[in-house]
Structures are given as structure tokens and as C-alpha cells.
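Structure data (compact mmCIF, C-alpha atoms) from query-v7.txt:
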```txt
# COMPACT_ATOMS: atom_id res chain seq x y z
CA TRP A 1 39.22 -2.49 139.04
CA ASP A 2 38.01 -2.77 142.63
CA GLU A 3 39.00 0.78 143.54
CA SER A 4 37.38 2.03 140.34
CA ILE A 5 34.04 0.36 140.86
CA VAL A 6 33.83 1.27 144.56
CA SER A 7 34.62 4.91 143.85
CA GLN A 8 32.04 5.00 141.06
CA TRP A 9 29.38 3.52 143.34
CA LYS A 10 30.17 6.12 146.00
CA SER A 11 29.94 8.94 143.45
CA ALA A 12 26.21 8.22 143.04
CA ASN A 13 25.69 9.40 146.65
CA ASN A 14 22.86 6.88 146.85
CA GLU A 15 22.83 4.08 149.43
CA MET A 16 20.31 2.27 147.22
CA ALA A 17 22.46 2.42 144.08
CA VAL A 18 23.14 -0.77 142.13
CA LEU A 19 25.74 -0.54 139.35
CA THR A 20 24.62 -3.03 136.72
CA ALA A 21 24.91 -3.70 132.98
CA TYR A 22 25.61 -6.34 130.40
CA LEU A 23 29.38 -6.51 130.21
CA SER A 24 31.34 -5.50 127.15
CA GLY A 25 33.39 -8.27 125.56
CA ILE A 26 37.15 -8.25 126.00
CA GLU A 27 37.81 -7.81 122.28
CA GLY A 28 38.57 -4.17 121.56
CA HIS A 29 37.98 -3.19 125.18
CA ILE A 30 40.97 -4.42 127.18
CA ASN A 31 44.64 -5.03 126.64
CA VAL A 32 44.80 -8.82 126.95
CA GLU A 33 48.41 -8.69 128.11
CA THR A 34 48.02 -6.10 130.87
CA GLY A 35 44.32 -6.50 131.61
CA GLU A 36 43.85 -2.72 131.46
CA SER A 37 40.86 -1.09 129.81
CA ILE A 38 41.49 0.59 126.47
CA THR A 39 37.96 1.90 125.91
CA ASN A 40 35.91 4.90 127.03
CA THR A 41 32.51 3.32 126.36
CA ARG A 42 30.07 1.44 128.57
CA PRO A 43 26.72 -0.33 127.99
CA ILE A 44 23.45 1.05 129.38
CA MET A 45 20.30 -0.97 130.15
CA CYS A 46 17.29 0.29 128.20
CA MET A 47 16.29 -2.38 125.65
CA SER A 48 13.61 -4.88 126.64
CA ASP A 49 10.63 -6.61 125.07
CA TYR A 50 8.42 -9.63 125.46
CA GLU A 51 9.41 -13.03 124.14
CA GLY A 52 7.98 -16.53 124.37
CA SER A 53 4.33 -17.50 124.25
CA GLY A 54 1.51 -18.57 126.51
CA ALA A 55 2.35 -19.07 130.17
CA LYS A 56 6.09 -18.77 129.38
CA LYS A 57 5.86 -15.29 127.87
CA HIS A 58 8.12 -12.91 129.75
CA LEU A 59 10.02 -9.65 129.51
CA ARG A 60 13.57 -10.17 128.31
CA HIS A 61 16.31 -7.57 128.03
CA GLY A 62 17.98 -7.60 124.65
CA GLN A 63 21.24 -6.38 123.20
CA GLN A 64 22.02 -3.09 124.92
CA PRO A 65 23.53 0.03 123.34
CA GLU A 66 27.08 1.03 124.22
CA GLY A 67 28.80 4.37 124.00
CA PRO A 68 30.69 7.06 125.93
CA ALA A 69 29.00 8.24 129.12
CA GLY A 70 26.89 11.35 128.60
CA ILE A 71 26.99 12.05 132.34
CA LYS A 72 30.43 12.74 133.80
CA GLY A 73 31.69 12.29 137.34
CA GLU A 74 29.01 9.82 138.39
CA PRO A 75 27.16 6.73 137.12
CA THR A 76 24.01 7.14 135.00
CA LEU A 77 20.54 6.03 136.09
CA GLU A 78 18.80 3.33 134.03
CA PRO A 79 15.57 1.31 134.45
CA TYR A 80 16.74 -2.31 134.30
CA TRP A 81 18.90 -4.70 136.31
CA ALA A 82 21.36 -7.00 134.52
CA ALA A 83 22.51 -10.40 135.74
CA GLY A 84 25.87 -10.11 134.00
CA PHE A 85 27.20 -7.48 136.37
CA SER A 86 25.67 -6.19 139.60
CA PHE A 87 27.54 -4.21 142.27
CA ALA A 88 25.82 -2.81 145.35
CA ARG A 89 25.82 -2.80 149.13
CA GLY A 90 25.24 -6.27 150.59
CA HIS A 91 21.73 -5.42 151.72
CA PHE A 92 20.59 -5.59 148.08
CA LEU A 93 21.16 -9.34 148.02
CA LEU A 94 19.61 -9.76 151.47
CA ASN A 95 16.48 -7.85 150.51
CA VAL A 96 16.22 -9.21 146.96
CA PRO A 97 17.59 -12.77 147.04
CA TYR A 98 17.54 -15.12 144.08
CA ASP A 99 14.31 -17.10 144.12
CA GLN A 100 15.23 -20.71 144.91
CA HIS A 101 11.95 -22.05 143.49
CA LEU A 102 12.51 -21.32 139.80
CA PRO A 103 13.90 -24.53 138.29
CA MET A 104 15.04 -24.37 134.65
CA ILE A 105 14.72 -20.58 134.50
CA PHE A 106 17.42 -18.67 132.63
CA MET A 107 15.70 -15.97 130.57
CA GLY A 108 13.28 -14.01 132.70
CA GLU A 109 15.34 -13.96 135.87
CA GLU A 110 16.44 -10.37 135.32
CA ILE A 111 13.01 -8.75 135.35
CA SER A 112 12.22 -10.69 138.53
CA ILE A 113 15.25 -9.35 140.41
CA GLY A 114 14.99 -5.92 138.79
CA LEU A 115 11.32 -5.28 139.52
CA ARG A 116 11.52 -6.69 143.03
CA GLY A 117 14.55 -4.49 143.69
CA PHE A 118 12.67 -1.46 142.40
CA THR A 119 9.83 -2.07 144.87
CA TYR A 120 12.39 -2.26 147.69
CA GLY A 121 13.68 1.18 146.71
CA TYR A 122 16.82 0.28 144.76
CA ASP A 123 18.00 2.34 141.80
CA TYR A 124 19.95 0.97 138.86
CA TYR A 125 22.91 2.76 137.32
CA THR A 126 25.42 2.02 134.61
CA ALA A 127 29.00 2.92 135.51
CA GLU A 128 30.69 5.89 133.89
CA ARG A 129 33.67 3.65 133.09
CA SER A 130 33.64 -0.11 132.55
CA SER A 131 35.70 -1.97 135.14
CA CYS A 132 34.73 -5.53 134.29
CA PHE A 133 34.55 -7.38 130.97
CA HIS A 134 33.39 -10.77 129.71
CA TYR A 135 34.93 -13.42 127.50
CA TYR A 136 31.98 -14.18 125.22
CA ALA A 137 31.78 -17.45 123.33
CA THR A 138 31.26 -15.57 120.06
CA GLN A 139 34.70 -13.99 120.52
CA ASP A 140 36.44 -17.27 121.31
CA LYS A 141 38.34 -18.38 118.23
CA THR A 142 39.42 -21.66 119.88
CA GLY A 143 35.88 -23.01 120.14
CA LYS A 144 36.38 -24.01 123.77
CA ARG A 145 33.69 -21.66 125.08
CA ASN A 146 31.03 -23.20 122.84
CA ALA A 147 31.92 -26.62 124.22
CA VAL A 148 30.96 -25.66 127.78
CA LYS A 149 27.97 -27.66 129.04
CA LYS A 150 24.72 -25.77 129.59
CA PHE A 151 22.02 -26.58 132.11
CA TRP A 152 19.25 -26.72 129.50
CA GLU A 153 20.89 -29.76 127.93
CA ASN A 154 19.12 -31.66 130.71
CA SER A 155 15.74 -29.98 130.25
CA TYR A 156 14.19 -33.23 128.99
CA LEU A 157 14.60 -34.60 132.51
CA TYR A 158 12.38 -31.86 133.94
CA SER A 159 9.43 -31.64 131.58
CA GLY A 160 7.04 -28.84 132.50
CA ALA A 161 9.31 -27.37 135.20
CA GLU A 162 10.15 -24.22 133.24
CA LYS A 163 6.50 -23.40 132.54
CA LYS A 164 5.54 -23.75 136.20
CA ALA A 165 8.54 -21.73 137.30
CA MET A 166 7.79 -18.94 134.80
CA MET A 167 4.20 -18.73 136.02
CA ARG A 168 5.53 -18.27 139.56
CA LEU A 169 8.15 -15.73 138.47
CA ASN A 170 5.64 -13.60 136.55
CA GLY A 171 2.95 -14.11 139.18
CA ILE A 172 5.04 -12.75 142.03
CA ILE A 173 5.88 -9.56 140.11
CA GLY A 174 2.38 -9.12 138.68
CA MET A 175 3.21 -9.73 135.04
CA ASN A 176 0.69 -12.50 134.28
CA PRO A 177 -2.65 -11.16 135.59
CA GLU A 178 -4.45 -13.42 133.12
CA ILE A 179 -3.32 -16.57 134.96
CA GLU A 180 -5.22 -17.76 138.02
CA PRO A 181 -2.90 -17.42 141.04
CA SER A 182 -3.84 -20.90 142.25
CA ASN A 183 -1.99 -22.27 139.20
CA TRP A 184 1.46 -21.29 140.46
CA ASP A 185 3.58 -22.13 143.50
CA HIS A 186 3.38 -19.60 146.36
CA VAL A 187 5.94 -21.20 148.70
CA ASP A 188 8.26 -18.57 150.30
CA GLU A 189 6.44 -15.88 148.33
CA LYS A 190 7.06 -13.27 151.03
CA LEU A 191 10.79 -14.03 151.07
CA TYR A 192 11.09 -13.73 147.29
CA GLY A 193 8.33 -11.16 146.85
CA LEU A 194 7.85 -7.45 146.37
CA GLY A 195 8.92 -4.64 148.68
CA GLN A 196 6.81 -1.82 150.07
CA VAL A 197 8.80 1.27 149.07
CA ARG A 198 7.38 1.44 145.52
CA THR A 199 4.66 -0.41 143.66
CA LYS A 200 5.03 -2.63 140.63
CA GLU A 201 2.41 -0.44 138.91
CA LYS A 202 4.74 2.55 139.28
CA PHE A 203 7.45 0.62 137.45
CA PHE A 204 5.09 -0.39 134.64
CA ASP A 205 3.64 3.10 134.22
CA THR A 206 6.97 4.93 134.38
CA PHE A 207 8.78 2.80 131.82
CA GLY A 208 5.92 2.02 129.41
CA ILE A 209 5.23 -1.64 130.19
CA ASP A 210 1.72 -3.12 129.78
CA PRO A 211 1.56 -6.51 131.56
CA VAL A 212 -1.99 -7.11 130.32
CA LYS A 213 -1.42 -6.56 126.59
CA LYS A 214 2.18 -7.80 126.90
CA VAL A 215 3.68 -4.84 125.05
CA VAL A 216 6.28 -2.20 125.86
CA ALA A 217 6.60 1.37 124.60
CA GLN A 218 9.39 1.35 122.04
CA ASN A 219 12.51 3.54 121.82
CA LEU A 220 13.06 3.82 125.59
CA CYS A 221 16.78 4.24 124.92
CA ARG A 222 16.12 7.72 123.55
CA PHE A 223 15.02 8.73 127.03
CA VAL A 224 17.39 6.67 129.16
CA GLY A 225 20.78 8.27 129.65
CA LYS A 226 21.25 12.02 130.07
CA ASN A 227 17.53 12.78 129.83
CA MET A 228 16.35 10.34 132.49
CA HIS A 229 19.32 10.94 134.74
CA ARG A 230 18.98 14.72 134.86
CA ILE A 231 15.29 14.54 135.77
CA TRP A 232 15.53 11.61 138.18
CA LYS A 233 18.55 12.96 140.04
CA THR A 234 16.57 15.96 141.23
CA HIS A 235 14.36 13.49 143.13
CA LEU A 236 17.18 11.77 145.05
CA ARG A 237 16.22 11.84 148.72
CA LYS A 238 18.30 14.19 150.84
CA ASP A 239 19.29 11.30 153.11
CA GLY A 240 20.66 9.40 150.09
CA MET A 241 18.13 6.58 150.45
CA GLY A 242 17.10 6.31 146.83
CA ILE A 243 15.08 8.18 144.23
CA ASP A 244 11.69 9.35 145.51
CA TYR A 245 9.33 8.03 142.84
CA GLY A 246 6.45 9.63 144.73
CA GLU A 247 7.66 12.90 143.21
CA ILE A 248 7.88 11.48 139.67
CA ASP A 249 4.76 11.69 137.53
CA TYR A 250 6.44 11.04 134.18
CA LYS A 251 5.18 8.12 132.07
CA PHE A 252 7.31 7.14 129.10
CA GLN A 253 5.70 7.07 125.67
CA ASP A 254 7.27 6.12 122.35
CA PRO A 255 8.86 9.34 121.02
CA GLU A 256 8.20 8.15 117.46
CA LYS A 257 4.47 8.52 118.19
CA PHE A 258 4.30 11.16 120.91
CA GLY A 259 7.52 13.15 120.58
CA ARG A 260 10.07 13.89 123.30
CA THR A 261 7.53 14.07 126.12
CA TRP A 262 10.22 14.18 128.81
CA GLU A 263 11.17 17.70 127.70
CA LYS A 264 7.90 18.90 129.25
CA ASP A 265 9.08 17.87 132.70
CA PRO A 266 9.86 20.95 134.83
CA ASN A 267 13.17 19.37 135.91
CA TYR A 268 14.37 18.72 132.37
CA ASN A 269 17.37 20.81 131.37
```
Translate this file's structure into C-alpha cells.
Amino acid sequence: WDESIVSQWKSANNEMAVLTAYLSGIEGHINVETGESITNTRPIMCMSDYEGSGAKKHLRHGQQPEGPAGIKGEPTLEPYWAAGFSFARGHFLLNVPYDQHLPMIFMGEEISIGLRGFTYGYDYYTAERSSCFHYYATQDKTGKRNAVKKFWENSYLYSGAEKKAMMRLNGIIGMNPEIEPSNWDHVDEKLYGLGQVRTKEKFFDTFGIDPVKKVVAQNLCRFVGKNMHRIWKTHLRKDGMGIDYGEIDYKFQDPEKFGRTWEKDPNYN
């Protein structure tokens, strides 16, 4: 698996590449006796929407589609980072460390890392072939996985901590403009903040996210995959230091309402 994932990362020819996705479950995907993969499908990150209410409302990635890779010989570009699996050069973690001031946060962490990474110039890809799988509790017939303790069982000991942490998380990445900045904790904000390669507004505009109205353009998965990859790849910097979003003017719109707008891009083929 290690040789597979390293070779797939290298095939992107992008120093800023991060291979990331929600992992497929072991059932139907690996031979449990040999540990070898028996599938030709992989998940891709393109489903996300708002959940929660009030100050705790945040963007959460949902169940992601899975299928055979439409792009061969290299990983496929995607918009979102996934906590379940993330493989990159070590500088990704140095530049985009986990925020140590987010107590009781579980959901919401991914858009924090993902958007911050985007502003530092990182690009997210799903692998052409899955090399890592997960033993999900829903697939455990013994019941042992469901018996594992979870951190939120102790949430009653930290009343209000999640709300304050979510205000900080969304505040740093500019996703709660309606909340007065003085209401959230700014300690180490520079360390756990945004980069200077790309703006958060570019991320919102490109992928159809409205942080004011708290809505996202639907059906992004129809664009992500072959369509997005073929257009975006033409904007990979010649020195291999990431996709140049300064050359990308495309703004995703729901194809159910506006049609396949990406086909108008001069680099679409």
C-alpha cells in the first residue's frame, strides 16, 4: 500500500498535492485474509452542505460518491479535504496544523483544514486506486465497534465549549461574518490561520459557497471528477507548485438551474 500511495502522489506532478478522501469500508473492497484490494472504485470529495443552527452552524461534508476513476494514470482533483485519509508532503501539516484551541469539535474540522490549506496553495486529489480502507462500526457484526467510547460522552462536563470553539473555527476561515469577531477566541490565530497564496473568497466563489446566506450550490458532484480535473490541470504551474487559481475564472452554479456551465470554459474538452 505504501508504494502504491507514494507512486500515485508522485503521478500528480504537484508538490502541493494532498491525496484525501473518506475511506471505503473493508466489506466488498478487500480480501480480509490477504489484505489485498479487490475493488476498482474510489470515493471522491464533492458533497457538502450546512448543518447545525445559530453560532454552531457549519459546513459539513456528507456521504461521498464512489466509483471507478474517470481519470487514468494520475489522481483526480477535488475541492474538499477529508479527515479520514490525508497523504501529502510533511510541509502540509507544518503549514496547516490542527488548531489546538477547538475543544469538543468533531464535525466542522474538515472545512477548517481544507479551506486553510487551499489558501496556502494546496490542492486536493482523490487517488486513482484506493490503498487504505476503514473498518466502520456499521459493518461490524460483533458489536464491538459500537461499544468504543466517544469523546462527546463527556460533553456535559464542558458546557458551552463547542459553541465557542465553532465560532472561532468559522471566524478564522471567514464563514460566520454575522458574528462580531470580539465574541470568539483569537489566540494563536496567525499560527492556525489563513495563507496568502489564495483567498477564502476565491474558494467560496469557485465552488458555490455563500457564507452569508449559509447555502451551497447543489450538484457539485456533476462537475467534480473528469470535468474539473481536465480544466484545472491546464492551470498547474510549470514549477509544479500547485494550481494557479489566478488563471481560473470559473464559478460553479447548480447545473439543474443553469446547465453545464463548465462546458463554456475554453480549456474544457
- Do you know which residues are at most 7 Å from Gln8 (chain A) counting all atoms listed in the file, after dropping those on the same chain fewer than 6 positions away, and could you put them as a list in words?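 Selected residues are Glu74, Pro75 and Ala127 of chain A.
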Deliver the residues from the most recent selection as a file, using C-alpha atoms, as a short mmCIF file (atom, residue, chain, number, x, y, z; two decimals), in the frame of the given file.
```cif
data_model
loop_
_atom_site.label_atom_id
_atom_site.label_comp_id
_atom_site.auth_asym_id
_atom_site.auth_seq_id
_atom_site.Cartn_x
_atom_site.Cartn_y
_atom_site.Cartn_z
CA GLU A 74 29.01 9.82 138.39
CA PRO A 75 27.16 6.73 137.12
CA ALA A 127 29.00 2.92 135.51
#
```
- Give the answer as one residue: which of A:Lys10, A:Glu51, A:Ser86, A:Gly70 has the shortest atom-to-atom distance to Cys132 (chain A), using all atoms listed in the file? A:Ser86
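Minimum atom-to-atom distances from A:Leu194, A:Ile5, A:Val212, A:Cys221 to Cys46 (chain A) were compared using only C-alpha atoms, and the lowest value belongs to A:Cys221.
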- Which residues, written as a ChimeraX atom specification, have at least one atom at most 10 Å from Pro97 (chain A), with only C-alpha atoms counted and residues fewer than 5 positions away on the same chain left out? /A:91-92,113,116-117,191-193
- For CA of Glu189 (chain A) and CA of Gln100 (chain A), the interatomic separation in Å (one decimal): 10.6 Å
- Note on the structure: Students should find that CA of Glu15 (chain A) and CA of Gly225 (chain A) are spaced 20.3 Å
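Shortest atom-to-atom contact with Ser182 (chain A) among A:Arg198, A:Phe106, A:Lys164, A:Pro255: A:Lys164, counting all atoms listed in the file.
Atom pair CA of Ser48 (chain A) / CA of Tyr80 (chain A): separated by 8.7 Å.
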- Near Gly35 (chain A), within 12 Å and counting only C-alpha atoms, which residues show up once chain neighbours fewer than 4 positions away are dropped, as a ChimeraX atom specification? /A:1,26-31,39,131-134
Student task, region 39-150 of chain A output with C-alpha atoms as a CSV table (one decimal), in the first residue's frame:
```csv
chain,number,residue,atom,x,y,z
A,39,THR,CA,-12.1,-3.3,-6.0
A,40,ASN,CA,-11.5,-0.8,-8.8
A,41,THR,CA,-13.5,2.1,-7.2
A,42,ARG,CA,-12.6,5.0,-5.0
A,43,PRO,CA,-14.5,7.8,-3.3
A,44,ILE,CA,-14.3,11.4,-4.4
A,45,MET,CA,-15.0,14.5,-2.2
A,46,CYS,CA,-17.7,16.7,-3.7
A,47,MET,CA,-20.7,16.5,-1.3
A,48,SER,CA,-21.1,19.2,1.4
A,49,ASP,CA,-23.8,21.3,2.9
A,50,TYR,CA,-24.6,23.3,6.0
A,51,GLU,CA,-25.8,21.7,9.2
A,52,GLY,CA,-26.5,22.9,12.7
A,53,SER,CA,-28.0,26.2,13.8
A,54,GLY,CA,-27.1,29.5,15.2
A,55,ALA,CA,-23.5,30.0,16.1
A,56,LYS,CA,-22.8,26.3,15.6
A,57,LYS,CA,-23.9,26.2,12.0
A,58,HIS,CA,-21.1,24.9,9.8
A,59,LEU,CA,-20.2,23.3,6.5
A,60,ARG,CA,-20.1,19.5,6.8
A,61,HIS,CA,-19.1,17.0,4.2
A,62,GLY,CA,-21.6,14.3,3.7
A,63,GLN,CA,-21.6,10.8,2.3
A,64,GLN,CA,-19.4,10.9,-0.8
A,65,PRO,CA,-20.0,9.1,-4.1
A,66,GLU,CA,-17.7,6.2,-5.1
A,67,GLY,CA,-17.0,4.7,-8.5
A,68,PRO,CA,-14.2,3.8,-10.9
A,69,ALA,CA,-11.7,6.6,-11.7
A,70,GLY,CA,-12.6,8.6,-14.8
A,71,ILE,CA,-9.1,9.9,-15.0
A,72,LYS,CA,-6.4,7.3,-15.6
A,73,GLY,CA,-2.7,7.4,-14.7
A,74,GLU,CA,-3.0,10.1,-12.1
A,75,PRO,CA,-5.2,11.1,-9.1
A,76,THR,CA,-8.2,13.3,-9.7
A,77,LEU,CA,-8.6,16.9,-8.4
A,78,GLU,CA,-11.4,17.6,-6.0
A,79,PRO,CA,-12.4,20.6,-3.8
A,80,TYR,CA,-12.6,19.2,-0.3
A,81,TRP,CA,-10.2,17.8,2.3
A,82,ALA,CA,-11.2,14.7,4.3
A,83,ALA,CA,-10.0,13.8,7.8
A,84,GLY,CA,-10.4,10.1,7.2
A,85,PHE,CA,-7.4,9.9,4.9
A,86,SER,CA,-4.8,12.6,4.0
A,87,PHE,CA,-1.5,11.9,2.4
A,88,ALA,CA,0.9,14.7,1.4
A,89,ARG,CA,4.4,16.1,1.9
A,90,GLY,CA,5.2,16.9,5.5
A,91,HIS,CA,5.0,20.6,4.9
A,92,PHE,CA,1.2,20.4,4.6
A,93,LEU,CA,1.0,19.6,8.3
A,94,LEU,CA,3.5,22.2,9.2
A,95,ASN,CA,1.7,24.9,7.2
A,96,VAL,CA,-1.8,23.8,8.2
A,97,PRO,CA,-1.6,22.3,11.7
A,98,TYR,CA,-4.6,21.2,13.6
A,99,ASP,CA,-6.0,24.1,15.7
A,100,GLN,CA,-5.3,23.2,19.3
A,101,HIS,CA,-8.0,25.7,20.5
A,102,LEU,CA,-11.1,23.9,19.3
A,103,PRO,CA,-12.3,21.9,22.3
A,104,MET,CA,-15.3,19.5,21.7
A,105,ILE,CA,-15.1,20.0,17.9
A,106,PHE,CA,-15.6,16.9,15.7
A,107,MET,CA,-17.9,18.0,12.8
A,108,GLY,CA,-16.6,21.1,11.2
A,109,GLU,CA,-12.9,20.3,11.5
A,110,GLU,CA,-12.6,19.4,7.8
A,111,ILE,CA,-13.7,22.7,6.3
A,112,SER,CA,-11.2,24.4,8.6
A,113,ILE,CA,-8.2,22.4,7.5
A,114,GLY,CA,-9.4,22.2,3.9
A,115,LEU,CA,-10.0,26.0,3.4
A,116,ARG,CA,-6.9,26.9,5.3
A,117,GLY,CA,-4.9,24.5,3.1
A,118,PHE,CA,-6.5,26.0,0.0
A,119,THR,CA,-5.3,29.5,0.9
A,120,TYR,CA,-1.8,28.1,1.4
A,121,GLY,CA,-1.8,26.8,-2.1
A,122,TYR,CA,-2.6,23.1,-1.5
A,123,ASP,CA,-4.7,21.1,-4.0
A,124,TYR,CA,-6.8,18.1,-3.0
A,125,TYR,CA,-7.0,14.9,-5.1
A,126,THR,CA,-8.6,11.6,-4.7
A,127,ALA,CA,-6.4,8.6,-5.6
A,128,GLU,CA,-7.0,6.6,-8.8
A,129,ARG,CA,-6.9,3.4,-6.7
A,130,SER,CA,-7.8,3.0,-3.1
A,131,SER,CA,-4.8,1.9,-0.9
A,132,CYS,CA,-6.4,2.3,2.5
A,133,PHE,CA,-9.7,1.1,3.9
A,134,HIS,CA,-11.7,1.5,7.2
A,135,TYR,CA,-13.4,-0.9,9.5
A,136,TYR,CA,-16.7,1.0,10.0
A,137,ALA,CA,-18.9,0.3,13.0
A,138,THR,CA,-21.9,-0.3,10.8
A,139,GLN,CA,-20.0,-3.2,9.2
A,140,ASP,CA,-19.0,-4.8,12.5
A,141,LYS,CA,-21.3,-7.7,13.2
A,142,THR,CA,-19.7,-8.3,16.6
A,143,GLY,CA,-20.9,-5.0,18.1
A,144,LYS,CA,-17.5,-4.3,19.5
A,145,ARG,CA,-17.0,-1.1,17.4
A,146,ASN,CA,-20.2,0.4,18.7
A,147,ALA,CA,-19.0,-0.1,22.2
A,148,VAL,CA,-16.0,2.1,21.7
A,149,LYS,CA,-16.1,5.2,23.9
A,150,LYS,CA,-16.6,8.6,22.2
```
